[in-house]
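Taking it in order: structure first as structure tokens, then the write-up.
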Amino acid sequence: MSFTDSGAKPQYDSANKGTLQGVIRQALTEFLKNTEDMLPATVIAYDRVNNVASVQPSIQMVTTDGTLIGRAAVASVPVLAIGGGGFLINFPLVGGSRGWIKANDRDISLYLQSSATTPPNTKRFHSFSDGLFIPDVVSGFAVNGEDTENMVIQNTAGTIRVALWADRVKVTTPNGTGQFGPDRILFTTPLFQINSANIQFITSPHVGPLTS
């Protein structure tokens, strides 16, 4: 690689000019420019049945003269659904939902068709066409002050939430709360409260249908 001056805006960092280290550094920079890895992205459309989304990368490309160019949308990207052992977490994504698109090292098209060990179908490397969309709210949500040390599953406003404390589970809705702890079960609504610590439960030894 050589560096020459011209009227065009240079594509290289002037700090790399004139040394072997600079040439190598510039070569690596040019290589990485064409390597897709991970970017924030937004959902254009989501097929929940097949769990694939069309997404738009949110970071533009910049030409040597400073012109901004939008990246192409990526269609039919698998969406991360964390799961195992017969359980999973899945979200009702809509247009505008945010997250990240992560490129796989190689072509995964045959794997997606069979879910089995396969060779790559093409020589494609690090392409968002072989990406995975990772849903991520990123920001714009509110966590209740009492949950600063708890795990929470909630809506972004915090009005509906399930909080896992160290010793209990608390469920909150606009119409009331429920707590399930080692010492009591407590339900509170604007109309009534049920506190199991103040209720005596009697278990009958009778088994089977009652007869007169």
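Numbering starts fresh at 1 for the residues of each chain in the structure tokens, the chains themselves are lettered A, B, ... in the order given, and ligands are numbered from 1 as they appear.
Residues in contact with Ile194 (chain A) at 12 Å, where only C-alpha atoms are counted and same-chain residues fewer than 4 positions away are skipped, are listed as Gly176, Thr177, Gly178, Gln179, Phe180, Arg184, Ile185, Leu186, Phe187, Thr188, Thr189, Pro190, Asn198, Ile199 and Gln200 of chain A.
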Write down as a ChimeraX atom specification the residues belonging to region 2-124 of chain A that are assigned strand (DSSP E or B) by DSSP computed on the backbone. /A:38-47,52-57,61-62,68-69,74-79,83-84,87-88,98-106
I'd like the neighbourhood of region 116-130 of chain A as a PyMOL selection string, where a residue qualifies if any of its atoms comes within 7 Å (using only C-alpha atoms), though same-chain residues fewer than 5 positions away should be ignored. chain A and resi 35-37+74+102-111
Long-range neighbours of region 92-95 of chain A as a ChimeraX atom specification, 10 Å cut-off, only C-alpha atoms, 2 positions minimum in chain: /A:42-48,51,53-55,79,90,97-98,135
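Residues of region 93-176 of chain A that DSSP places in alpha helix (DSSP H), based on the backbone of this structure, are Ser109, Leu110, Tyr111, Leu112, Gln113 and Ser114 of chain A.
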Those selected residues, please, written with all heavy atoms and delivered as a PDB file, in the first residue's frame.
```pdb
ATOM      1  N   SER A 109     -26.987 -19.943   6.690  1.00  0.00           N
ATOM      2  CA  SER A 109     -28.280 -20.194   6.049  1.00  0.00           C
ATOM      3  C   SER A 109     -28.689 -21.669   6.116  1.00  0.00           C
ATOM      4  O   SER A 109     -29.859 -21.982   6.358  1.00  0.00           O
ATOM      5  CB  SER A 109     -28.251 -19.717   4.599  1.00  0.00           C
ATOM      6  OG  SER A 109     -27.200 -20.334   3.878  1.00  0.00           O
ATOM      7  N   LEU A 110     -27.760 -22.586   5.892  1.00  0.00           N
ATOM      8  CA  LEU A 110     -28.108 -24.011   5.946  1.00  0.00           C
ATOM      9  C   LEU A 110     -28.449 -24.440   7.372  1.00  0.00           C
ATOM     10  O   LEU A 110     -29.343 -25.269   7.578  1.00  0.00           O
ATOM     11  CB  LEU A 110     -26.959 -24.860   5.398  1.00  0.00           C
ATOM     12  CG  LEU A 110     -26.643 -24.690   3.908  1.00  0.00           C
ATOM     13  CD1 LEU A 110     -25.481 -25.593   3.500  1.00  0.00           C
ATOM     14  CD2 LEU A 110     -27.871 -24.977   3.050  1.00  0.00           C
ATOM     15  N   TYR A 111     -27.761 -23.874   8.336  1.00  0.00           N
ATOM     16  CA  TYR A 111     -28.070 -24.200   9.738  1.00  0.00           C
ATOM     17  C   TYR A 111     -29.489 -23.762  10.091  1.00  0.00           C
ATOM     18  O   TYR A 111     -30.224 -24.483  10.779  1.00  0.00           O
ATOM     19  CB  TYR A 111     -27.063 -23.532  10.672  1.00  0.00           C
ATOM     20  CG  TYR A 111     -27.438 -23.670  12.120  1.00  0.00           C
ATOM     21  CD1 TYR A 111     -27.185 -24.844  12.824  1.00  0.00           C
ATOM     22  CD2 TYR A 111     -28.092 -22.638  12.797  1.00  0.00           C
ATOM     23  CE1 TYR A 111     -27.561 -24.989  14.146  1.00  0.00           C
ATOM     24  CE2 TYR A 111     -28.472 -22.767  14.120  1.00  0.00           C
ATOM     25  CZ  TYR A 111     -28.205 -23.950  14.794  1.00  0.00           C
ATOM     26  OH  TYR A 111     -28.593 -24.082  16.104  1.00  0.00           O
ATOM     27  N   LEU A 112     -29.889 -22.580   9.618  1.00  0.00           N
ATOM     28  CA  LEU A 112     -31.228 -22.093   9.927  1.00  0.00           C
ATOM     29  C   LEU A 112     -32.299 -22.973   9.296  1.00  0.00           C
ATOM     30  O   LEU A 112     -33.406 -23.086   9.819  1.00  0.00           O
ATOM     31  CB  LEU A 112     -31.383 -20.651   9.430  1.00  0.00           C
ATOM     32  CG  LEU A 112     -30.518 -19.606  10.148  1.00  0.00           C
ATOM     33  CD1 LEU A 112     -30.730 -18.240   9.522  1.00  0.00           C
ATOM     34  CD2 LEU A 112     -30.838 -19.563  11.641  1.00  0.00           C
ATOM     35  N   GLN A 113     -31.981 -23.604   8.173  1.00  0.00           N
ATOM     36  CA  GLN A 113     -32.945 -24.487   7.529  1.00  0.00           C
ATOM     37  C   GLN A 113     -33.087 -25.820   8.242  1.00  0.00           C
ATOM     38  O   GLN A 113     -34.175 -26.397   8.286  1.00  0.00           O
ATOM     39  CB  GLN A 113     -32.521 -24.739   6.078  1.00  0.00           C
ATOM     40  CG  GLN A 113     -32.570 -23.513   5.188  1.00  0.00           C
ATOM     41  CD  GLN A 113     -32.006 -23.791   3.797  1.00  0.00           C
ATOM     42  OE1 GLN A 113     -32.016 -24.928   3.324  1.00  0.00           O
ATOM     43  NE2 GLN A 113     -31.509 -22.750   3.143  1.00  0.00           N
ATOM     44  N   SER A 114     -31.998 -26.310   8.834  1.00  0.00           N
ATOM     45  CA  SER A 114     -32.011 -27.676   9.383  1.00  0.00           C
ATOM     46  C   SER A 114     -31.828 -27.762  10.896  1.00  0.00           C
ATOM     47  O   SER A 114     -32.135 -28.784  11.496  1.00  0.00           O
ATOM     48  CB  SER A 114     -30.897 -28.488   8.725  1.00  0.00           C
ATOM     49  OG  SER A 114     -29.619 -27.952   9.073  1.00  0.00           O
TER      50      SER A 114
END
```
Atomic distance CA of Leu164 (chain A) - CA of Asp147 (chain A), expressed in Å with one decimal: 8.6 Å
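Here CA of Asn150 (chain A) is placed at a distance of 13.7 Å from CA of Thr172 (chain A).
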Report as a PyMOL selection string all protein, DNA and RNA residues lying within 7 Å of Trp165 (chain A), evaluated on only C-alpha atoms, omitting residues in the same chain fewer than 2 positions from it. chain A and resi 150-151+163+167-169
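Straight-line separation from CA of Pro174 (chain A) to CA of Ala157 (chain A): 11.3 Å.
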Pick from A:Pro40, A:Pro182, A:Gly145, A:Gly85 nearest to Gly158 (chain A), counting only C-alpha atoms: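 Checking each of A:Pro40, A:Pro182, A:Gly145, A:Gly85 against Gly158 (chain A), counting only C-alpha atoms, the winner is A:Gly145.
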